[in-house]
Number of protein chains: 2
Amino acid sequence: MANKRITSQDVANLAGVSRTTVSLVLNEVKGIHISPETRQKVQDAAEQLGYIPNATAQALATRRTRAIGLVMTRSPHHIASDAFLPQIIGGLLDVIREHKLRLLIESVDENHRDRAYLDLVHAKHIDGMILLTPRMDDAALSKLEESDVPTVLMGKLNGTRLFSVDVNNRLAAKIAVDYLLDLGHTRIACISNAPDSYSASPERVLGYMDALEGAGIAVDEALIFYADFDPQSGFERTEALLQSGKTFTAIFVASDNVAMGVKAALRAAGRRVPEDISIVGFDDIPWAQYSDPPLTTVRLPAQELARTACMVLLDILQGVVPEQKMKILGTELVVRQSCRKL
Amino acid sequence: MANKRITSQDVANLAGVSRTTVSLVLNEVKGIHISPETRQKVQDAAEQLGYIPNATAQALATRRTRAIGLVMTRSPHHIASDAFLPQIIGGLLDVIREHKLRLLIESVDENHRDRAYLDLVHAKHIDGMILLTPRMDDAALSKLEESDVPTVLMGKLNGTRLFSVDVNNRLAAKIAVDYLLDLGHTRIACISNAPDSYSASPERVLGYMDALEGAGIAVDEALIFYADFDPQSGFERTEALLQSGKTFTAIFVASDNVAMGVKAALRAAGRRVPEDISIVGFDDIPWAQYSDPPLTTVRLPAQELARTACMVLLDILQGVVPEQKMKILGTELVVRQSCRKL
DNA sequence: GGAACTTACTAACACGTTTTAGTAACACGC
DNA sequence: GCGTGTTACTAAAACGTGTTAGTAAGTTCC
């Protein structure tokens, strides 16, 4: 049934006009005069033939692919257990669909990411990109900054020229730890979400420190651990924390995903939540409210972040320069049942 | 810094050859004779200029976009809480990167999906597609079947001509319920993962029935509920189940994601897992092993499914016809601590 | 009643590649 | 010295669109 592709030429022939006219009518180019009758003829012909413009040819002619890329630098293993990814993709798809764009997912591996970012855009696969969880030590990023590739970061990066969308990680963490302090906890451990080369991680630890200092409590470095995104790493850090022999009555875990592992490790060690140990998480992934006990956590508006990042990128692509370099979205402490009053 | 795009013409000029030769050399076209010196000259020139072929132009000329689409028919809300999506994307990216392809994510909304599938391919955005959780009542699918668009289904669809990759949902469900029977349970409820228009859902319910019938237990329709992918729906169905007044000692929940809500509802009603109620899940999402108690569930090899689907699609794209219409991957009952012996 | 403008279109080029059809030069067999 | 092959390349067509520059006809202005 190899039905030949229908081109704008076919439409032109059927309508009895030139290909140019077809293009002008179907793209609703303004500032140009086409008679209503001709317009109708073209539309009818296109309809009748079921004409679908070839996106590739359009992209070549306009030098716009109408696609944006979501670029991740994490390993396939980390991607697979990222509870946020669906929310982010959901948010992006929302905006993208409205604007008739497409979404390309790319993961750039550690080794040759220096070229990869730029290549993506140079090869004209995408018009611009959204960069997820950028690392501060990423040399490739500085190349990106120098070029004029439309880019929006999800996450903060100190001293970058790039546009970004984020939450105030430090303040949100402080509020979470303040909550534990208010409940009377004074020995509070901290397990951060990721290695400290990922900007959100040290920010959240700083917020943890801010809270302690605000309460006049000395920070004990031995109570601070850095996990690695997934529950397993939370499990391991918690084992280390328990074996350290340090006493503590609460843990601030800067990632719900990691907190899953933390809770499992506590359970394995016979410590109950919240009776023995209180836990505050971070992110409010969809499973946080269904865990046992329901996790008290900081709600990070993942979908909103994605939506906003996408809208900023679209602005840039249309030549509109956003008024602010960095957009900060609000967070909210969601109190559930994983903490108790001392 | 608007550094002009470098084209193959630039490379040709620098190397002192024609554009054709550049193309022949860089694409390593075989069956053609180019002297080693010329070959070197071209490669040097390309290297020196940092030449990156324009993917759009290549796509137009070759009529291959080197992109495949992951198409979902679920709503943005469901996408956001889909614990599988990251695994699937991870699996796809694995294969795709090896083959220097790209991955396009598309969600097709309920309303106008009749055209949407075909348009994607006709517009030449993608060479082929992987369809996630297809619905049996999807009229658009039959149009897809008639066309010769390279497509692979993740999930089973009765009587389809399309290639598909799946697990044996029915058998896997039977094994899960057999396990509960072996533990001595006889009053076993069933909460399926999704409405029964999604093929996996009725399959799993059938497996549940198979097990009961195999044990000589009559199926009680009042113990069977259909959830809607997310934890919330599991919560609600469980409330309904509890209010029905029916007695039961175990629940087979055909989705870990839904099981999260089921457990929360049981907890809210004061029923403990596994002391009062045993639960077997399905999927083995990354959080199943970290829930409290760790969830006994059927491991569904999500990444492998995605990888396999992708490889089948690539075969089709290269003109290789897979020997089997349907590839079935194995599942495995992962026994943890959410069930007790009666 | 001619210059200036507007309307309604179209011819032809541009986008950057792949690929087909060729060509020129040289070798080989007889 | 003439066909036949082979080697090493190139000119030009093709892919399907967007867009610029132009044209012919009709209208308005004074």
# chains A, B, ... in the order shown; residues from 1 in each chain; ligands from 1
call {"tool": "interface_residues", "arguments": {"of": "chain C", "to": "chain B", "cutoff": "12 Å", "atoms": "only C-alpha atoms (C1' of nucleotides)", "output": "number ranges by chain"}}
result
C: 15-20
call {"tool": "select_by_dssp", "arguments": {"residues": "segment 158-219 of chain A", "states": "strand (DSSP E)", "output": "ChimeraX atom specification"}}
result
/A:163-167,188-192
call {"tool": "residues_around", "arguments": {"residues": "DG2 of chain C", "least_positions_apart": "2", "cutoff": "12 Å", "atoms": "only C-alpha atoms (C1' of nucleotides)", "output": "list in words"}}
result
DA4 of chain C; DC29 and DC30 of chain D
call {"tool": "residues_around", "arguments": {"residues": "Val22 of chain B", "least_positions_apart": "4", "cutoff": "7 Å", "atoms": "only C-alpha atoms (C1' of nucleotides)", "output": "ChimeraX atom specification"}}
result
/B:8,12,18,26,42
call {"tool": "write_last_selection", "arguments": {"atoms": "all heavy atoms", "output": "PDB file, in the first residue's frame"}}
result
ATOM      1  N   SER B   8      29.793  20.955   4.719  1.00  0.00           N
ATOM      2  CA  SER B   8      30.690  20.017   4.053  1.00  0.00           C
ATOM      3  C   SER B   8      31.422  20.717   2.905  1.00  0.00           C
ATOM      4  O   SER B   8      32.504  20.305   2.494  1.00  0.00           O
ATOM      5  CB  SER B   8      29.907  18.810   3.533  1.00  0.00           C
ATOM      6  OG  SER B   8      28.990  19.218   2.546  1.00  0.00           O
ATOM      7  N   ALA B  12      35.277  20.548   2.003  1.00  0.00           N
ATOM      8  CA  ALA B  12      35.702  20.229   0.636  1.00  0.00           C
ATOM      9  C   ALA B  12      36.708  21.266   0.138  1.00  0.00           C
ATOM     10  O   ALA B  12      37.758  20.920  -0.420  1.00  0.00           O
ATOM     11  CB  ALA B  12      34.486  20.185  -0.284  1.00  0.00           C
ATOM     12  N   SER B  18      35.877  17.652  -3.897  1.00  0.00           N
ATOM     13  CA  SER B  18      34.469  18.001  -4.060  1.00  0.00           C
ATOM     14  C   SER B  18      33.678  17.610  -2.822  1.00  0.00           C
ATOM     15  O   SER B  18      34.133  16.828  -2.000  1.00  0.00           O
ATOM     16  CB  SER B  18      33.880  17.273  -5.254  1.00  0.00           C
ATOM     17  OG  SER B  18      33.720  15.908  -4.923  1.00  0.00           O
ATOM     18  N   LEU B  26      33.662  10.672   4.792  1.00  0.00           N
ATOM     19  CA  LEU B  26      33.197  10.752   6.184  1.00  0.00           C
ATOM     20  C   LEU B  26      32.136   9.702   6.512  1.00  0.00           C
ATOM     21  O   LEU B  26      32.021   9.269   7.649  1.00  0.00           O
ATOM     22  CB  LEU B  26      32.668  12.153   6.486  1.00  0.00           C
ATOM     23  CG  LEU B  26      33.731  13.260   6.398  1.00  0.00           C
ATOM     24  CD1 LEU B  26      33.150  14.601   6.799  1.00  0.00           C
ATOM     25  CD2 LEU B  26      34.933  12.926   7.275  1.00  0.00           C
ATOM     26  N   VAL B  42      40.790  14.819   3.705  1.00  0.00           N
ATOM     27  CA  VAL B  42      39.413  15.153   4.087  1.00  0.00           C
ATOM     28  C   VAL B  42      39.242  15.068   5.592  1.00  0.00           C
ATOM     29  O   VAL B  42      38.684  15.968   6.231  1.00  0.00           O
ATOM     30  CB  VAL B  42      38.420  14.204   3.387  1.00  0.00           C
ATOM     31  CG1 VAL B  42      37.017  14.383   3.965  1.00  0.00           C
ATOM     32  CG2 VAL B  42      38.414  14.457   1.898  1.00  0.00           C
TER      33      VAL B  42
END
call {"tool": "select_by_dssp", "arguments": {"residues": "segment 38-181 of chain A", "states": "alpha helix (DSSP H)", "output": "PyMOL selection string"}}
result
chain A and resi 38-49+55-62+76-80+85-98+113-122+139-146+169-181
call {"tool": "closest_atom_pairs", "arguments": {"of": "chain A", "to": "chain B", "cutoff": "7 Å", "atoms": "only C-alpha atoms", "output": "tab-separated table"}}
result
residue	atom	partner	partner_atom	distance
A:Ile52	CA	B:Ala123	CA	6.0
A:Pro53	CA	B:Ala123	CA	6.1
A:Asn54	CA	B:Ala123	CA	4.8
A:Ala55	CA	B:Ala123	CA	5.4
A:Thr56	CA	B:Leu60	CA	5.9
A:Ala57	CA	B:Leu60	CA	6.2
A:Ala59	CA	B:Thr56	CA	6.7
A:Leu60	CA	B:Thr56	CA	5.9
A:Pro76	CA	B:Gly90	CA	5.2
A:Ile79	CA	B:Gly90	CA	5.9
A:Ala80	CA	B:Gln87	CA	4.1
A:Ser81	CA	B:Pro286	CA	6.2
A:Asp82	CA	B:Pro86	CA	6.4
A:Ala83	CA	B:Ala83	CA	6.8
A:Leu85	CA	B:Pro86	CA	6.3
A:Pro86	CA	B:Ala80	CA	4.5
A:Gln87	CA	B:Ala80	CA	4.1
A:Gly90	CA	B:Pro76	CA	5.2
A:Leu103	CA	B:Ile105	CA	5.6
A:Leu104	CA	B:Leu104	CA	4.6
A:Ile105	CA	B:Leu103	CA	5.6
A:His122	CA	B:Ile52	CA	6.9
A:Ala123	CA	B:Asn54	CA	4.8
A:Lys124	CA	B:Ala55	CA	6.1
A:His125	CA	B:Ala55	CA	6.3
A:Met260	CA	B:Tyr290	CA	5.7
A:Gly261	CA	B:Tyr290	CA	6.0
A:Ala264	CA	B:Tyr290	CA	5.6
A:Pro286	CA	B:Ser81	CA	6.2
A:Tyr290	CA	B:Ala264	CA	5.6
A:Ser291	CA	B:Ser291	CA	6.7
A:Asp292	CA	B:Asp292	CA	6.2
call {"tool": "closest_atom_pairs", "arguments": {"of": "chain D", "to": "chain B", "cutoff": "10 Å", "atoms": "only C-alpha atoms (C1' of nucleotides)", "output": "CSV"}}
result
residue,atom,partner,partner_atom,distance
D:DT6,C1',B:His33,CA,9.7
D:DT7,C1',B:His33,CA,6.6
D:DA8,C1',B:Ile34,CA,5.9
D:DC9,C1',B:Thr21,CA,7.4
D:DT10,C1',B:Ser18,CA,6.4
D:DA11,C1',B:Ser18,CA,9.4
D:DA14,C1',B:Ala61,CA,7.6
D:DC15,C1',B:Ala61,CA,4.8
D:DG16,C1',B:Leu60,CA,7.8
call {"tool": "residues_around", "arguments": {"residues": "DA21 of chain D", "least_positions_apart": "4", "cutoff": "12 Å", "atoms": "only C-alpha atoms (C1' of nucleotides)", "output": "PyMOL selection string"}}
result
chain C and resi 10-13
call {"tool": "write_last_selection", "arguments": {"atoms": "N, CA and C atoms (P, O5', C5', C4', C3', O3' and C1' of nucleotides)", "output": "mmCIF file, in the first residue's frame"}}
result
data_model
loop_
_atom_site.group_PDB
_atom_site.id
_atom_site.type_symbol
_atom_site.label_atom_id
_atom_site.label_comp_id
_atom_site.auth_asym_id
_atom_site.auth_seq_id
_atom_site.Cartn_x
_atom_site.Cartn_y
_atom_site.Cartn_z
ATOM 1 P P DT C 10 0.086 31.231 -8.369
ATOM 2 O "O5'" DT C 10 1.519 31.623 -8.925
ATOM 3 C "C5'" DT C 10 1.614 32.293 -10.178
ATOM 4 C "C4'" DT C 10 3.072 32.566 -10.457
ATOM 5 C "C3'" DT C 10 3.970 31.335 -10.326
ATOM 6 O "O3'" DT C 10 4.878 31.362 -11.408
ATOM 7 C "C1'" DT C 10 4.786 33.065 -8.959
ATOM 8 P P DA C 11 5.491 30.009 -11.902
ATOM 9 O "O5'" DA C 11 6.974 30.490 -12.229
ATOM 10 C "C5'" DA C 11 7.205 31.855 -12.571
ATOM 11 C "C4'" DA C 11 8.695 32.171 -12.447
ATOM 12 C "C3'" DA C 11 9.648 30.999 -12.598
ATOM 13 O "O3'" DA C 11 10.845 31.515 -13.180
ATOM 14 C "C1'" DA C 11 9.777 31.835 -10.386
ATOM 15 P P DA C 12 12.084 30.590 -13.419
ATOM 16 O "O5'" DA C 12 12.909 30.807 -12.077
ATOM 17 C "C5'" DA C 12 13.256 32.131 -11.683
ATOM 18 C "C4'" DA C 12 14.096 32.075 -10.426
ATOM 19 C "C3'" DA C 12 15.093 30.919 -10.378
ATOM 20 O "O3'" DA C 12 16.231 31.382 -9.692
ATOM 21 C "C1'" DA C 12 13.719 30.790 -8.517
ATOM 22 P P DC C 13 17.625 30.660 -9.853
ATOM 23 O "O5'" DC C 13 18.253 30.853 -8.397
ATOM 24 C "C5'" DC C 13 18.149 32.132 -7.765
ATOM 25 C "C4'" DC C 13 18.023 31.950 -6.278
ATOM 26 C "C3'" DC C 13 19.091 31.041 -5.659
ATOM 27 O "O3'" DC C 13 19.623 31.700 -4.524
ATOM 28 C "C1'" DC C 13 16.964 30.392 -4.934
#
call {"tool": "atom_distance", "arguments": {"atom1": "atom CA of Leu305 of chain B", "atom2": "atom CA of Met154 of chain B"}}
result
7.4 Å
call {"tool": "residues_around", "arguments": {"residues": "Glu145 of chain A", "least_positions_apart": "2", "cutoff": "8 Å", "atoms": "only C-alpha atoms (C1' of nucleotides)", "output": "list in words"}}
result
Leu141, Ser142, Lys143, Ser147, Asp148, Val149, Thr160, Arg161 and Leu162 of chain A
call {"tool": "write_last_selection", "arguments": {"atoms": "N, CA and C atoms", "output": "PDB file, in the first residue's frame"}}
result
ATOM      1  N   LEU A 141      30.346  22.876  30.718  1.00  0.00           N
ATOM      2  CA  LEU A 141      29.389  23.956  30.900  1.00  0.00           C
ATOM      3  C   LEU A 141      29.960  25.309  30.518  1.00  0.00           C
ATOM      4  N   SER A 142      31.236  25.503  30.805  1.00  0.00           N
ATOM      5  CA  SER A 142      31.797  26.812  30.488  1.00  0.00           C
ATOM      6  C   SER A 142      31.850  27.020  28.980  1.00  0.00           C
ATOM      7  N   LYS A 143      32.084  25.950  28.255  1.00  0.00           N
ATOM      8  CA  LYS A 143      32.026  26.071  26.792  1.00  0.00           C
ATOM      9  C   LYS A 143      30.632  26.467  26.355  1.00  0.00           C
ATOM     10  N   SER A 147      29.311  29.870  24.157  1.00  0.00           N
ATOM     11  CA  SER A 147      28.513  29.826  22.939  1.00  0.00           C
ATOM     12  C   SER A 147      27.201  30.541  23.230  1.00  0.00           C
ATOM     13  N   ASP A 148      26.420  30.748  22.200  1.00  0.00           N
ATOM     14  CA  ASP A 148      25.134  31.405  22.446  1.00  0.00           C
ATOM     15  C   ASP A 148      23.988  30.434  22.230  1.00  0.00           C
ATOM     16  N   VAL A 149      24.201  29.235  22.745  1.00  0.00           N
ATOM     17  CA  VAL A 149      23.174  28.211  22.635  1.00  0.00           C
ATOM     18  C   VAL A 149      22.106  28.436  23.695  1.00  0.00           C
ATOM     19  N   THR A 160      27.169  31.363  37.110  1.00  0.00           N
ATOM     20  CA  THR A 160      26.950  31.045  35.703  1.00  0.00           C
ATOM     21  C   THR A 160      26.229  32.197  35.010  1.00  0.00           C
ATOM     22  N   ARG A 161      26.448  32.304  33.724  1.00  0.00           N
ATOM     23  CA  ARG A 161      25.755  33.313  32.930  1.00  0.00           C
ATOM     24  C   ARG A 161      24.436  32.754  32.407  1.00  0.00           C
ATOM     25  N   LEU A 162      24.295  31.456  32.532  1.00  0.00           N
ATOM     26  CA  LEU A 162      23.117  30.811  31.949  1.00  0.00           C
ATOM     27  C   LEU A 162      21.858  31.103  32.758  1.00  0.00           C
TER      28      LEU A 162
END
call {"tool": "residues_around", "arguments": {"residues": "DG5 of chain D", "least_positions_apart": "2", "cutoff": "10 Å", "atoms": "only C-alpha atoms (C1' of nucleotides)", "output": "PDB file with C-alpha atoms (C1' of nucleotides), in the first residue's frame"}}
result
ATOM      1  C1'  DA C  27      46.147  -0.530 -16.999  1.00  0.00           C
ATOM      2  C1'  DC C  28      45.471  -4.884 -19.229  1.00  0.00           C
TER       3       DC C  28
ATOM      4  C1'  DG D   3      37.816  -2.680 -26.382  1.00  0.00           C
ATOM      5  C1'  DT D   7      40.523   3.635 -10.117  1.00  0.00           C
TER       6       DT D   7
END
call {"tool": "atom_distance", "arguments": {"atom1": "atom CA of Ile279 of chain A", "atom2": "atom CA of Arg272 of chain B"}}
result
21.6 Å
call {"tool": "atom_distance", "arguments": {"atom1": "atom C1' of DT7 of chain C", "atom2": "atom CA of Val25 of chain A"}}
result
15.4 Å
